[in-house]
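**Q** A single structure is presented below for examination.
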Amino acid sequence: MYKCFLVGTGGFAGAVLRYLIGLVPVKETMLFPVKTFLINITGCILIGFITALVSNKFQLAPGLVLFLKTGVCGGFTTFSTFSLETSDLIKNGHAEIAVLYAVLSVVTGICAIFLIQYFTTR
């Protein structure tokens, strides 16, 4: 139950942070979703930094790692976890699976949203 509390608390913090960043006024003169892009990349940097610290034998409490990686990064953006998993597949010699995972995740996700929106607005 303690681990669930850590993940839930971190998820709350990450989700609220994402919401607050979304409120920052940005002049978007093009269609590119700048805030979402920056949130996703920031999440990738954060989860990459945490993973690098832990893999370099830096002493972080397991609860803190769970809070930050699964909780905060997960609540902030699942894109960070997706990117970490893809990176791990490549690093472990599974580049083909990584490409398949990345392409299928993006294409399937976009198609799923498009289809749901298409069929629910008819």
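Following the order of the structure tokens, chains are lettered A, B, ..., residues in each are numbered from 1, and ligands are numbered from 1.
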May I have the residues within 7 Å of stretch 11-18 of chain A as a list of chain:residue names, using only C-alpha atoms and disregarding those fewer than 4 positions away in the same chain?

**A** A:Val7, A:Gly22, A:Gly71, A:Val72, A:Cys73, A:Gly74, A:Gly75, A:Phe76

**Q** How would the residues just chosen look if you wrote them out with N, CA, C and O atoms as a PDB file, in the first residue's frame?

**A**
ATOM      1  N   VAL A   7       3.348   6.258  -5.619  1.00  0.00           N
ATOM      2  CA  VAL A   7       3.009   6.442  -7.038  1.00  0.00           C
ATOM      3  C   VAL A   7       1.860   7.433  -7.176  1.00  0.00           C
ATOM      4  O   VAL A   7       1.901   8.338  -8.022  1.00  0.00           O
ATOM      5  N   GLY A  22       0.466  23.890 -18.769  1.00  0.00           N
ATOM      6  CA  GLY A  22      -0.510  24.118 -19.837  1.00  0.00           C
ATOM      7  C   GLY A  22      -1.186  25.472 -19.751  1.00  0.00           C
ATOM      8  O   GLY A  22      -1.684  25.991 -20.751  1.00  0.00           O
ATOM      9  N   GLY A  71       5.539   7.768 -10.594  1.00  0.00           N
ATOM     10  CA  GLY A  71       4.571   8.761 -10.145  1.00  0.00           C
ATOM     11  C   GLY A  71       4.645  10.073 -10.905  1.00  0.00           C
ATOM     12  O   GLY A  71       3.786  10.377 -11.727  1.00  0.00           O
ATOM     13  N   VAL A  72       5.698  10.842 -10.632  1.00  0.00           N
ATOM     14  CA  VAL A  72       5.804  12.182 -11.222  1.00  0.00           C
ATOM     15  C   VAL A  72       5.885  12.115 -12.740  1.00  0.00           C
ATOM     16  O   VAL A  72       5.107  12.779 -13.444  1.00  0.00           O
ATOM     17  N   CYS A  73       6.820  11.324 -13.261  1.00  0.00           N
ATOM     18  CA  CYS A  73       6.957  11.247 -14.722  1.00  0.00           C
ATOM     19  C   CYS A  73       5.715  10.643 -15.365  1.00  0.00           C
ATOM     20  O   CYS A  73       5.284  11.088 -16.424  1.00  0.00           O
ATOM     21  N   GLY A  74       5.129   9.636 -14.720  1.00  0.00           N
ATOM     22  CA  GLY A  74       3.919   9.024 -15.256  1.00  0.00           C
ATOM     23  C   GLY A  74       2.744   9.981 -15.265  1.00  0.00           C
ATOM     24  O   GLY A  74       1.957  10.005 -16.209  1.00  0.00           O
ATOM     25  N   GLY A  75       2.616  10.779 -14.204  1.00  0.00           N
ATOM     26  CA  GLY A  75       1.534  11.764 -14.154  1.00  0.00           C
ATOM     27  C   GLY A  75       1.796  12.941 -15.076  1.00  0.00           C
ATOM     28  O   GLY A  75       0.869  13.545 -15.612  1.00  0.00           O
ATOM     29  N   PHE A  76       3.056  13.279 -15.229  1.00  0.00           N
ATOM     30  CA  PHE A  76       3.434  14.412 -16.073  1.00  0.00           C
ATOM     31  C   PHE A  76       3.273  14.049 -17.539  1.00  0.00           C
ATOM     32  O   PHE A  76       2.723  14.805 -18.320  1.00  0.00           O
TER      33      PHE A  76
END

**Q** Calculate how many Å separate atom CA of A:Pro33 from atom CA of A:Ile45, rounding to one decimal.

**A**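 Separation of atom CA of A:Pro33 and atom CA of A:Ile45: 18.4 Å.
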
**Q** A:Val99, A:Leu84, A:Leu115, A:Leu89: which is nearest A:Ile41, counting only C-alpha atoms?

**A**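 Of all the options, A:Leu84 lies closest to A:Ile41.
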
**Q** Between atom CA of A:Leu23 and atom CA of A:Gly48, what distance in Å does the model show, to one decimal?

**A**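 Pair atom CA of A:Leu23 / atom CA of A:Gly48 returns 25.4 Å.
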
**Q** Just the residues within 9 Å of A:Lys69, please, counting only C-alpha atoms, with nothing from its chain fewer than 5 positions along; format it as a list in words.

**A**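 Near neighbours after the sequence-gap exclusion: Val7, Gly10, Leu46, Ile47, Ile50, Thr51, Leu64, Gly74, Ser80 and Thr81 of chain A.
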
**Q** Of the candidates A:Tyr101, A:Cys4, A:Val106, A:Thr9, which shows the shortest atom-to-atom distance to A:Leu68, using only C-alpha atoms?

**A** A:Thr9

**Q** Of the candidates A:Gly109, A:Pro25, A:Gly43, A:Gly8, which one gets nearest to A:Ser83 if we count only C-alpha atoms?

**A**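 Closest residue, counting only C-alpha atoms: A:Gly43.
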
**Q** Which residue is closest to A:Thr78? Choose from A:Lys27, A:Cys111, A:Lys3, A:Ser105 and count only C-alpha atoms.

**A**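 Of A:Lys27, A:Cys111, A:Lys3, A:Ser105, the one nearest A:Thr78 is A:Ser105, counting only C-alpha atoms.
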
**Q** Restricting the calculation to only C-alpha atoms: of A:Phe37, A:Phe58, A:Tyr2, A:Phe82, which residue gets closest to A:Val103?

**A** A:Phe82

**Q** For A:Asn40, please output as a list in words all residues within 7 Å (counting only C-alpha atoms; exclusion window: fewer than 4 positions along the same chain).

**A** Thr36, Cys44, Thr77, Phe79 and Ser80 of chain A

**Q** Apply DSSP to the backbone of this structure and, from chain A, keep only the residues in alpha helix (DSSP H); write these as number ranges by chain.

**A** A: 2-23, 34-55, 62-65, 74-76, 79-91, 95-120

**Q** With distances taken over only C-alpha atoms, which residue among A:Leu66, A:Ile21, A:Ala52, A:Leu104 lies nearest A:Phe5?

**A**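 Of A:Leu66, A:Ile21, A:Ala52, A:Leu104, the one nearest A:Phe5, counting only C-alpha atoms, is A:Leu66.
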